[in-house]
Structure formats: C-alpha cells, structure tokens
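Peer 1: Next up, coords_5.txt (compact mmCIF, C-alpha atoms).
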```txt
# COMPACT_ATOMS: atom_id res chain seq x y z
CA MET I 5 21.40 36.40 -32.08
CA ASP I 6 25.12 35.99 -32.20
CA THR I 7 26.67 32.66 -33.08
CA CYS I 8 27.01 30.22 -30.17
CA HIS I 9 30.25 28.35 -29.43
CA ALA I 10 30.17 24.69 -28.40
CA HIS I 11 32.93 22.91 -26.46
CA VAL I 12 32.87 19.11 -26.14
CA LEU I 13 33.51 18.08 -22.54
CA ALA I 14 33.08 14.34 -22.14
CA PRO I 15 31.16 11.32 -23.42
CA VAL I 16 28.06 10.23 -21.53
CA PRO I 17 27.59 6.64 -20.37
CA LEU I 18 24.56 5.44 -22.35
CA CYS I 19 25.16 7.24 -25.63
CA VAL I 20 27.94 7.79 -28.13
CA LEU I 21 27.15 11.47 -28.51
CA PHE I 22 28.63 14.17 -26.30
CA VAL I 23 27.63 16.71 -23.68
CA SER I 24 28.28 20.25 -24.88
CA VAL I 25 28.30 23.56 -23.08
CA ILE I 26 26.74 26.30 -25.21
CA THR I 27 27.71 29.90 -24.50
CA CYS I 28 25.28 32.51 -25.85
CA PRO I 29 24.17 36.05 -25.06
CA CYS I 30 21.13 36.47 -22.80
CA PRO I 31 17.76 36.83 -24.60
CA TRP I 32 16.88 39.93 -22.59
CA ASN I 33 20.16 41.74 -23.03
CA ILE I 34 21.21 40.89 -19.50
CA SER I 35 24.84 41.85 -19.10
CA GLY I 36 27.33 39.01 -19.47
CA PRO I 37 27.03 35.58 -21.11
CA TRP I 38 24.74 32.84 -19.93
CA VAL I 39 25.41 29.13 -20.07
CA PHE I 40 23.07 26.19 -20.45
CA LEU I 41 23.64 22.45 -20.77
CA LEU I 42 22.71 20.70 -23.99
CA LEU I 43 22.20 17.05 -23.08
CA CYS I 44 23.03 14.24 -25.45
CA THR I 45 19.85 12.81 -26.91
CA HIS I 46 18.86 9.28 -27.83
CA GLY I 47 16.15 9.53 -30.44
CA ALA I 48 14.11 12.72 -30.36
CA HIS I 49 14.22 13.83 -26.74
CA GLY I 50 16.07 11.20 -24.69
CA LEU I 51 18.08 12.29 -21.69
CA THR I 52 21.16 10.18 -21.08
CA SER I 53 21.77 11.45 -17.55
CA PHE I 54 19.59 12.67 -14.71
CA PRO I 55 19.22 16.44 -14.36
CA ASP I 56 19.84 17.97 -10.94
CA ASN I 57 16.24 19.12 -10.66
CA LEU I 58 13.76 16.63 -12.11
CA VAL I 59 10.01 17.33 -11.95
CA VAL I 60 7.58 14.53 -12.84
CA GLY I 61 3.92 15.15 -13.61
CA LYS I 62 0.86 13.30 -14.86
CA ARG I 63 -0.59 13.80 -18.31
CA GLU I 64 -3.16 16.60 -18.32
CA GLY I 65 -2.14 17.39 -14.76
CA SER I 66 -0.13 20.35 -13.49
CA VAL I 67 3.30 20.98 -11.96
CA THR I 68 4.79 24.05 -10.31
CA LEU I 69 8.41 25.07 -10.83
CA ASN I 70 10.13 27.27 -8.25
CA CYS I 71 13.11 29.53 -8.84
CA PRO I 72 15.30 29.25 -5.71
CA THR I 73 16.45 32.84 -5.26
CA GLU I 74 16.37 35.46 -2.54
CA LEU I 75 16.05 38.24 -5.10
CA GLU I 76 13.00 40.39 -4.62
CA GLY I 77 12.88 41.48 -8.22
CA GLU I 78 11.21 39.87 -11.19
CA VAL I 79 12.53 36.67 -12.75
CA LYS I 80 12.13 35.51 -16.34
CA TRP I 81 11.47 31.96 -17.55
CA THR I 82 12.61 30.16 -20.71
CA HIS I 83 11.69 26.80 -22.24
CA GLU I 84 14.25 24.87 -24.30
CA ARG I 85 12.44 24.14 -27.57
CA GLY I 86 15.41 23.66 -29.86
CA PRO I 87 18.83 25.25 -30.25
CA ASP I 88 17.61 28.51 -28.65
CA PRO I 89 15.70 29.07 -25.39
CA TYR I 90 12.14 30.31 -25.84
CA PRO I 91 11.10 33.21 -23.52
CA LEU I 92 7.77 32.62 -21.78
CA ASP I 93 5.16 35.39 -21.68
CA GLU I 94 3.18 36.03 -18.48
CA SER I 95 0.02 36.37 -20.56
CA ASP I 96 0.28 32.76 -21.71
CA TYR I 97 1.63 31.11 -18.54
CA ASP I 98 0.68 31.09 -14.87
CA MET I 99 3.54 32.99 -13.20
CA GLU I 100 3.39 34.20 -9.62
CA GLY I 101 6.43 35.61 -7.86
CA HIS I 102 9.28 33.20 -8.49
CA SER I 103 7.01 30.28 -9.48
CA LEU I 104 5.80 28.93 -12.81
CA THR I 105 2.79 26.58 -13.00
CA LEU I 106 2.32 24.37 -16.06
CA SER I 107 -1.25 23.12 -16.56
CA ASP I 108 -2.73 20.50 -18.88
CA LEU I 109 0.67 18.81 -19.03
CA GLY I 110 1.51 17.15 -22.35
CA GLY I 111 4.24 16.71 -24.94
CA PRO I 112 4.67 20.39 -25.94
CA LEU I 113 5.16 21.45 -22.31
CA LEU I 114 7.84 18.84 -21.45
CA GLY I 115 11.57 19.56 -21.35
CA GLU I 116 13.93 21.98 -19.64
CA TYR I 117 12.83 25.24 -18.03
CA SER I 118 15.21 27.92 -16.71
CA CYS I 119 14.66 30.97 -14.58
CA TRP I 120 16.74 34.15 -15.02
CA GLY I 121 17.60 37.17 -12.98
CA GLN I 122 19.54 40.31 -13.77
CA GLY I 123 22.80 38.49 -13.10
CA GLY I 124 22.09 35.57 -15.41
CA LYS I 125 20.68 32.09 -15.11
CA LEU I 126 19.48 31.14 -11.60
CA SER I 127 18.32 27.51 -11.95
CA SER I 128 16.91 24.88 -14.30
CA SER I 129 14.22 22.21 -13.98
CA TYR I 130 13.43 19.33 -16.32
CA VAL I 131 9.80 18.26 -16.68
CA LEU I 132 8.89 14.66 -17.63
CA LEU I 133 5.71 12.58 -17.69
CA ASP I 134 5.10 9.78 -15.19
CA ALA I 135 5.45 6.56 -17.21
CA GLU I 136 2.90 4.75 -15.06
CA GLU I 137 0.26 7.08 -16.45
CA GLU I 138 1.43 6.34 -20.00
CA GLU I 139 1.55 2.55 -19.83
CA GLU I 140 -1.59 0.44 -19.79
CA ASP I 141 0.15 -2.52 -18.18
CA THR I 142 2.29 -1.46 -15.24
CA THR I 143 2.26 -4.76 -13.34
CA GLU I 144 5.33 -6.29 -15.00
CA SER I 145 8.47 -5.66 -12.99
CA GLN I 146 11.57 -4.47 -14.81
CA LEU I 147 13.85 -4.97 -11.79
CA SER I 148 15.23 -8.23 -10.38
CA CYS I 149 18.01 -8.78 -7.83
CA ARG I 150 20.22 -11.73 -6.90
CA ALA I 151 23.02 -12.45 -4.40
CA SER I 152 25.49 -15.24 -5.20
CA SER I 153 26.56 -15.34 -1.52
CA TYR I 154 26.21 -13.53 1.82
CA ASN I 155 29.20 -11.33 1.07
CA CYS I 156 29.09 -7.53 0.82
CA SER I 157 27.37 -7.07 -2.56
CA PHE I 158 24.53 -8.25 -4.75
CA THR I 159 23.51 -7.64 -8.36
CA CYS I 160 20.34 -6.23 -9.90
CA THR I 161 19.17 -6.36 -13.50
CA TRP I 162 16.91 -3.89 -15.28
CA SER I 163 15.30 -5.72 -18.20
CA ASN I 164 14.16 -2.77 -20.36
CA SER I 165 17.04 -1.89 -22.69
CA GLU I 166 15.14 0.96 -24.37
CA VAL I 167 15.75 3.47 -21.57
CA THR I 168 18.26 6.27 -22.18
CA ALA I 169 19.14 7.03 -18.54
CA LEU I 170 19.13 4.63 -15.62
CA ARG I 171 20.30 4.51 -11.98
CA LEU I 172 19.78 2.48 -8.81
CA GLY I 173 20.05 3.49 -5.16
CA LEU I 174 20.00 1.65 -1.83
CA GLY I 175 18.22 2.89 1.28
CA PRO I 176 15.45 5.31 2.31
CA ASP I 177 17.40 8.40 1.17
CA CYS I 178 17.15 7.18 -2.43
CA LEU I 179 13.47 6.36 -2.03
CA GLU I 180 12.84 9.91 -0.84
CA GLY I 181 15.09 11.43 -3.51
CA LYS I 182 17.43 13.12 -1.03
CA PRO I 183 20.78 14.56 -2.19
CA SER I 184 22.54 12.19 0.23
CA CYS I 185 21.56 9.17 -1.90
CA SER I 186 24.53 7.46 -3.55
CA TRP I 187 23.17 6.51 -6.95
CA VAL I 188 24.81 3.66 -8.86
CA SER I 189 25.23 3.51 -12.64
CA PRO I 190 24.90 0.25 -14.61
CA ASN I 191 27.98 -1.92 -15.05
CA THR I 192 27.06 -3.33 -18.44
CA ARG I 193 24.30 -5.04 -20.32
CA ASP I 194 22.91 -8.27 -18.94
CA PRO I 195 25.77 -10.80 -19.39
CA GLU I 196 23.30 -13.62 -20.01
CA GLY I 197 22.01 -11.74 -23.03
CA LEU I 198 18.49 -12.99 -22.39
CA GLU I 199 16.74 -9.73 -21.69
CA GLY I 200 19.18 -7.24 -23.19
CA GLY I 201 18.90 -5.08 -20.07
CA TYR I 202 21.49 -3.63 -17.70
CA THR I 203 23.21 -5.03 -14.60
CA PHE I 204 24.24 -3.23 -11.40
CA THR I 205 26.52 -4.16 -8.51
CA ILE I 206 25.13 -2.87 -5.21
CA LEU I 207 27.21 -2.76 -2.02
CA HIS I 208 25.39 -3.29 1.28
CA PRO I 209 26.61 -2.64 4.86
CA PHE I 210 25.55 -5.90 6.50
CA SER I 211 27.99 -8.47 7.89
CA ALA I 212 27.83 -12.02 6.57
CA TYR I 213 28.29 -13.33 10.13
CA ALA I 214 25.57 -11.31 11.88
CA GLU I 215 21.83 -11.86 12.11
CA GLU I 216 20.04 -10.00 9.32
CA SER I 217 17.36 -7.80 10.92
CA THR I 218 16.94 -4.97 8.40
CA ALA I 219 15.46 -5.32 4.93
CA LEU I 220 17.20 -3.87 1.90
CA LEU I 221 15.36 -1.16 -0.03
CA VAL I 222 16.32 -0.67 -3.68
CA THR I 223 15.01 2.22 -5.80
CA ALA I 224 15.37 2.26 -9.60
CA GLU I 225 14.84 5.35 -11.73
CA ALA I 226 14.80 5.36 -15.52
CA ILE I 227 14.11 7.80 -18.36
CA ASP I 228 12.79 6.76 -21.76
CA GLY I 229 12.28 9.65 -24.14
CA ARG I 230 10.19 12.11 -22.15
CA SER I 231 8.80 9.55 -19.70
CA TYR I 232 10.04 8.76 -16.19
CA PHE I 233 9.98 5.27 -14.64
CA ARG I 234 10.37 4.45 -10.97
CA GLU I 235 10.34 1.05 -9.26
CA THR I 236 11.19 -0.02 -5.72
CA LYS I 237 11.90 -3.42 -4.19
CA GLN I 238 12.29 -4.35 -0.52
CA PHE I 239 13.73 -7.70 0.56
CA TYR I 240 16.12 -9.43 2.93
CA LEU I 241 19.43 -10.56 1.49
CA ARG I 242 18.59 -14.17 2.36
CA ASP I 243 15.52 -13.94 0.13
CA ILE I 244 17.55 -13.28 -3.03
CA VAL I 245 20.45 -15.70 -2.41
CA GLN I 246 21.14 -18.02 -5.33
CA PRO I 247 24.58 -19.67 -5.32
CA ASP I 248 26.62 -19.82 -8.50
CA SER I 249 26.88 -23.20 -10.22
CA PRO I 250 29.39 -25.66 -8.74
CA GLN I 251 32.58 -26.05 -10.75
CA LYS I 252 34.36 -29.02 -9.14
CA VAL I 253 32.93 -32.51 -8.63
CA LYS I 254 34.78 -35.53 -7.24
CA CYS I 255 33.59 -39.16 -7.19
CA ARG I 256 34.64 -42.43 -5.56
CA VAL I 257 33.21 -45.95 -5.37
CA GLU I 258 31.68 -46.71 -1.99
CA LYS I 259 29.81 -49.96 -1.37
CA LYS I 260 29.05 -50.44 -5.06
CA MET I 261 27.71 -46.91 -5.28
CA LEU I 262 29.27 -43.63 -6.38
CA LYS I 263 29.88 -41.10 -3.64
CA VAL I 264 29.76 -37.64 -5.24
CA THR I 265 31.48 -34.74 -3.48
CA VAL I 266 30.65 -31.24 -4.70
CA GLU I 267 32.76 -28.17 -3.97
CA PRO I 268 30.89 -24.85 -3.64
CA ALA I 269 31.52 -22.19 -6.27
CA PRO I 270 34.47 -19.89 -5.47
CA THR I 271 32.03 -17.00 -4.92
CA TRP I 272 30.24 -18.74 -2.04
CA THR I 273 30.70 -17.40 1.50
CA THR I 274 33.28 -19.13 3.69
CA PRO I 275 33.85 -21.02 5.89
CA SER I 276 31.71 -23.79 4.47
CA SER I 277 31.21 -25.18 7.97
CA PHE I 278 29.26 -22.02 8.83
CA TYR I 279 27.62 -21.74 5.40
CA PRO I 280 27.05 -25.31 4.19
CA LEU I 281 25.30 -26.02 0.91
CA GLU I 282 22.89 -28.73 -0.15
CA HIS I 283 23.66 -30.32 -3.52
CA GLU I 284 21.37 -32.10 -5.94
CA ILE I 285 22.90 -34.56 -8.40
CA GLU I 286 21.12 -35.40 -11.62
CA TYR I 287 22.45 -38.43 -13.49
CA ARG I 288 21.72 -40.51 -16.56
CA LYS I 289 21.76 -44.31 -16.17
CA LYS I 290 23.80 -46.34 -18.63
CA ASP I 291 21.35 -49.21 -19.13
CA ASP I 292 18.15 -47.36 -20.06
CA GLY I 293 19.21 -43.70 -20.34
CA LYS I 294 16.71 -42.70 -17.64
CA VAL I 295 17.49 -39.45 -15.78
CA GLU I 296 17.16 -39.52 -11.99
CA SER I 297 18.36 -37.35 -9.12
CA SER I 298 19.70 -37.58 -5.58
CA THR I 299 20.41 -35.17 -2.73
CA THR I 300 22.21 -37.71 -0.52
CA GLY I 301 25.49 -37.65 -2.46
CA LEU I 302 25.14 -41.34 -3.37
CA ILE I 303 24.16 -42.42 -6.89
CA PRO I 304 24.34 -45.74 -8.79
CA ARG I 305 27.75 -46.61 -10.17
CA GLU I 306 26.52 -47.38 -13.67
CA VAL I 307 25.92 -43.81 -14.87
CA SER I 308 27.05 -42.23 -18.11
CA GLU I 309 26.90 -38.55 -17.15
CA LEU I 310 25.87 -36.23 -14.36
CA ARG I 311 25.38 -32.60 -13.40
CA VAL I 312 24.90 -30.79 -10.08
CA ARG I 313 23.35 -27.70 -8.52
CA SER I 314 23.42 -26.15 -5.03
CA ARG I 315 21.34 -24.15 -2.58
CA ASP I 316 21.41 -22.92 1.02
CA PRO I 317 19.34 -25.48 2.98
CA PHE I 318 18.76 -23.26 6.02
CA VAL I 319 16.76 -20.61 4.14
CA GLU I 320 15.80 -22.93 1.28
CA SER I 321 17.28 -20.49 -1.20
CA THR I 322 16.77 -20.65 -4.94
CA TRP I 323 18.74 -23.46 -6.52
CA SER I 324 21.79 -22.48 -8.54
CA GLN I 325 21.82 -23.06 -12.25
CA TRP I 326 22.75 -26.60 -13.22
CA SER I 327 26.38 -27.24 -14.01
CA PRO I 328 26.98 -28.54 -17.56
CA TRP I 329 26.48 -32.26 -18.12
CA LYS I 330 29.73 -34.18 -17.58
CA ASN I 331 30.59 -37.61 -18.96
CA VAL I 332 31.75 -40.11 -16.32
CA HIS I 333 34.76 -42.33 -17.16
CA PHE I 334 36.54 -44.84 -14.93
CA LYS I 335 40.17 -44.43 -15.91
CA HIS I 336 41.44 -47.67 -14.36
CA GLU I 337 38.81 -49.71 -16.22
CA GLU I 338 39.70 -48.09 -19.52
CA LYS I 339 43.41 -48.83 -19.00
CA ARG I 340 42.68 -52.45 -18.05
CA LYS I 341 40.62 -53.00 -21.16
CA ARG I 342 43.22 -51.43 -23.39
CA GLY I 343 46.05 -53.35 -21.65
CA CYS I 344 44.46 -56.78 -21.88
CA LYS I 345 43.70 -56.39 -25.54
CA SER I 346 47.31 -55.44 -26.18
CA ASN I 347 49.94 -57.99 -27.24
CA ASP I 348 52.34 -56.31 -24.83
CA ARG I 349 51.81 -58.40 -21.67
CA THR I 350 54.12 -56.11 -19.66
CA THR I 351 51.74 -53.20 -20.15
CA CYS I 352 48.87 -55.37 -19.01
CA CYS I 353 50.75 -56.45 -15.90
CA LYS I 354 51.69 -52.87 -15.06
CA ASN I 355 48.06 -51.91 -15.12
CA LYS I 356 47.18 -54.75 -12.80
CA THR I 357 50.05 -53.89 -10.46
CA LYS I 358 48.91 -50.30 -10.18
CA LYS I 359 45.38 -51.48 -9.52
CA SER I 360 46.50 -53.78 -6.69
CA LYS I 361 48.36 -50.90 -5.04
CA ARG I 362 45.17 -48.86 -5.01
CA ARG I 363 43.38 -51.77 -3.39
CA ASN I 364 45.98 -51.88 -0.61
CA LEU I 365 45.11 -48.24 0.15
CA ALA I 366 41.43 -48.99 0.51
CA HIS I 367 39.77 -48.48 3.87
CA ASP I 368 36.23 -48.60 5.26
CA ASN I 369 35.05 -50.59 2.24
CA ALA I 370 35.81 -47.61 -0.05
CA VAL I 371 38.04 -47.67 -3.10
CA LEU I 372 39.31 -44.38 -4.45
CA VAL I 373 38.60 -44.27 -8.16
CA PRO I 374 39.91 -41.59 -10.47
CA ILE I 375 36.96 -40.45 -12.58
CA THR I 376 37.20 -37.95 -15.37
CA MET I 377 34.35 -35.46 -15.73
CA ALA I 378 34.41 -34.51 -19.39
CA ASP I 379 32.14 -32.03 -21.14
CA ASN I 380 29.64 -33.49 -23.58
```
Please, can you express the file's structure as structure tokens?
Peer 2:
Amino acid sequence: MDTCHAHVLAPVPLCVLFVSVITCPCPWNISGPWVFLLLCTHGAHGLTSFPDNLVVGKREGSVTLNCPTELEGEVKWTHERGPDPYPLDESDYDMEGHSLTLSDLGGPLLGEYSCWGQGGKLSSSYVLLDAEEEEEDTTESQLSCRASSYNCSFTCTWSNSEVTALRLGLGPDCLEGKPSCSWVSPNTRDPEGLEGGYTFTILHPFSAYAEESTALLVTAEAIDGRSYFRETKQFYLRDIVQPDSPQKVKCRVEKKMLKVTVEPAPTWTTPSSFYPLEHEIEYRKKDDGKVESSTTGLIPREVSELRVRSRDPFVESTWSQWSPWKNVHFKHEEKRKRGCKSNDRTTCCKNKTKKSKRRNLAHDNAVLVPITMADN
C-alpha cells in the first residue's frame, strides 16, 4: 500500500492529541482516493468525540449495521483494526444485501466499520458495548443537577472523570437520539474539585415568572474506552433549586437583641418581593462558646461570630451552603474602650459625642450599630 498522508485539523476537547484525516488508496483498487477519520485516543481505544453513527450492543449479543445507499450493486465492509482498514470476508461474517450482522459481540469486534461502493466510502458506524452490561453495580448515579435560581439556566455535574467523551442534552429529542437534539459539551471540571468530574451549563425555555407545568428531561451520554454510558434524569426546576451562599450580612441592636438582615446572593432571582428567601443564622455565644441557630432574624447580642444560609421557603428548597464564619465586632464599643484608656481626653470626648449623635437618631427602640463582619 502506498504511504498515507496525515493533515492535522484541530484539537479535540477532552484530549491533547489531534484529529487527523488520512488519505489512502482504496483496498479494492476502487478508482480515486478514500478518506477516513482517525479519532484521537485516550488510552488504548478511547473516543474523544461522538461518531455520527453510534451502535451500542450487549456483550455476547448481536448488532446489525446498515449501509444507507440506493445502489443495487454489492458493497464491501472494512473494520478499523489499526492504521489500515481490514476487509471483511463474506465467509466469516453475516452479510446480506447492504447489511452486516455482528454476533457474539466482544472486544475484537468493537470499533469502526465502513461500507464501500464503487465510488468510494459510503458510510461508517462505530460499535461499542453497553456499560450497564459491563458494570456489576449500576445503581450509583453519575449525574447531578442544581439551579442557583429560577433564571434561564441550571448546571449539571458528571462525577466520573475517567470518560473520554461526554455530552448532555435537554428534552425528548435527546432521549430518543434524534438529529434535532442540541447536545452540550462540558464547561470544565467540577470547580469544587470534590469529585473531579465535569460541569455543564444547560439553558431551559421556561419563564421565571410563569407556573412550571413541564418537567425537565436531561440525557447524559459518555464513552469510556470501548464502553458506552447513558443516564437520564427528569425533574422540575423547583426540585433542584439551591441558592448560592449569602454574601452580605447587616446587624443592628434592637431591644437588647441583634437584628440580622441577610441579602440574597447576586445570582438569586429578582425581585425579592416575588422570590423571598428564608435565612438561617448560626451563631456562637461569647460566654460558653455554645453554637445555636435562629430563623427569625433575631439572635442574642453577646455573640462572637455567626454564619448564614438561605433557601426558598415556598418549595422548601435545599439550603444553600453556609457562608464562612464571621467575627462580630461592635466598633463604637471598641473606640470607647480605646478612648477612655487614652491620656488624650479630647479623643475620649469625641467618641462620646459621636455616640450621643447616634442615640439622637434612634427610633422605635432601635439603635443602629456599625458591626464589622470579619473572616476568622
């Protein structure tokens, strides 16, 4: 066979190798060159993208490949077993018309198959094993989804980082594998770094201000070596809502208690009057160090630190992650202590004067107190 010529086209998303187009003469002396796609591999046989025609079978089962052509003449089949395509003999394989049936499916029979006519290559199919038949424990879900608000998108995470090709789709077209499905590629690895998986951003068509009547259907497909994974999840957006952690907390003294006001995270849906949040405050008492919590917004004044989390009370959504612990300092008390210990009586008087002005602004038995929330 003559020497083939490879031309690098572009990098693929989940691998640092490249996709190459190999131009070689036809194995049956068919006039003109033929072209096949050599896919970047991860390990021995790992696809890094999904072929146009993917056929999945069960171990020791059978699959039938069809050559989509209107030609009445004979077609030939090849199997990619290395750098060169291997011609298949009718005496060793079940061929009928334009179809090829592979029986007793196993490792040697997996991979890419191509059918050929007198004019060249007609189509290709890639055969993989169903991973559910390969794994003893198939109950553990690899896919989890979360919405930080009722806005137009949500995120999903695939926890298995060993896969070489991965995609997610939304809607029944993706479940049925129709060409109209808009598959989504992963953004990046899990930013939390806990599972080492991949994250996706999925857009959905529902309005944040309309009643949600249709469930979302997510389909995930993955390839690991020569095995194919598939998982589906169906849920309502409200079922996966988990607000982001609050970032701003304000406090004031009110009837010898601390009134804590929590601002929703910037990602939360607005207006807050239409989408209110419930907040839980966890605080550590100064006297005994005991940790307690409150959902009323009122906590004892004598606390050393606090943290907060939020949820949607109407659907009783999952609580957000806790905000970091923050130390609580009363600035006016610190200044008064420092001023009175100072030999400079003017400084001490200035602190008292400022304090009296704040008292003149008090109303409804509440005194506004500047409190610093410092990281531990």
Peer 1: Using all atoms listed in the file, pick whichever of I:Trp162, I:Tyr97, I:Tyr90, I:Tyr240 has the shortest atom-to-atom distance to Thr203 of chain I.
Peer 2: I:Trp162
Peer 1: Which value, in Å to one decimal, gives the distance between atom CA of Ser211 of chain I and atom CA of Tyr154 of chain I?
Peer 2: 8.1 Å
Peer 1: Using all atoms listed in the file, which of the listed residues (I:Ser127, I:Ser153, I:Thr52, I:Thr73) sits closest to Ser276 of chain I?
Peer 2: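 Closest to Ser276 of chain I of all the choices is I:Ser153.
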Peer 1: Can you tell me, as a list in words, what residues are no more than 12 Å from Phe278 of chain I when counting all atoms listed in the file, ignoring any on the same chain fewer than 3 positions away?
Peer 2: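 Residues meeting the cut-off are Tyr154, Ala212, Tyr213, Ala214, Trp272, Thr273, Thr274, Pro275, Leu281, Asp316 and Phe318 of chain I.
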Peer 1: Under the rule that all atoms listed in the file are counted, which of I:Arg230, I:Gln122, I:Pro176, I:Leu220 is the nearest residue to Val59 of chain I?
Peer 2: I:Arg230
Peer 1: For atom CA of Glu282 of chain I and atom CA of Asp248 of chain I, quote the distance in Å rounded to one decimal.
Peer 2: 12.8 Å
Peer 1: Might I get the box with edges along x, y and z of the file that holds all atoms of segment 111-125 of chain I listed there, padded by 8 Å on every side, given as centre and edge lengths in Å to one decimal, as lines of an AutoDock Vina configuration file?
Peer 2:
```
center_x = 13.5
center_y = 28.5
center_z = -19.5
size_x = 34.6
size_y = 39.6
size_z = 29.0
```
Peer 1: Contacts of Leu207 of chain I at 9 Å or less, counting only C-alpha atoms, minus same-chain residues fewer than 3 places along, as a ChimeraX atom specification?
Peer 2: /I:156-159,174
Peer 1: Nearest to Arg305 of chain I: which of I:Gly293, I:Ser152, I:Ser327, I:Val332 is it, counting all atoms listed in the file?
Peer 2: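 Closest residue, counting all atoms listed in the file: I:Val332.
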Peer 1: For atom CA of Pro247 of chain I and atom CA of Glu286 of chain I, quote the distance in Å rounded to one decimal.
Peer 2: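 Atom CA of Glu286 of chain I lies at a distance of 17.3 Å from atom CA of Pro247 of chain I.
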Peer 1: May I have the residues within 12 Å of segment 185-187 of chain I as a PyMOL selection string, using only C-alpha atoms and disregarding those fewer than 6 positions away in the same chain?
Peer 2: chain I and resi 53-54+170-179+204-208+222-225
Peer 1: At most 10 Å from (30.2, -49.2, -3.6), file frame, all atoms listed in the file: which residues, as a PyMOL selection string?
Peer 2: chain I and resi 256-263+302-305+369-371
Peer 1: Choose the residue, out of I:Gly181, I:Pro250, I:Pro72, I:Pro55, that has the smallest atom-to-atom separation from Tyr130 of chain I; count all atoms listed in the file.
Peer 2: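 Nearest to Tyr130 of chain I: I:Pro55.
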Peer 1: If we count all atoms listed in the file and set the cut-off at 9 Å, which residues sit around segment 111-113 of chain I, ignoring sequence neighbours fewer than 3 positions away in its own chain? Please answer as a count of residues only.
Peer 2: 10
Peer 1: Pick from I:Ser128, I:Thr236, I:Ser95, I:Ser298: nearest to Thr82 of chain I, with all atoms listed in the file counted?
Peer 2: I:Ser128
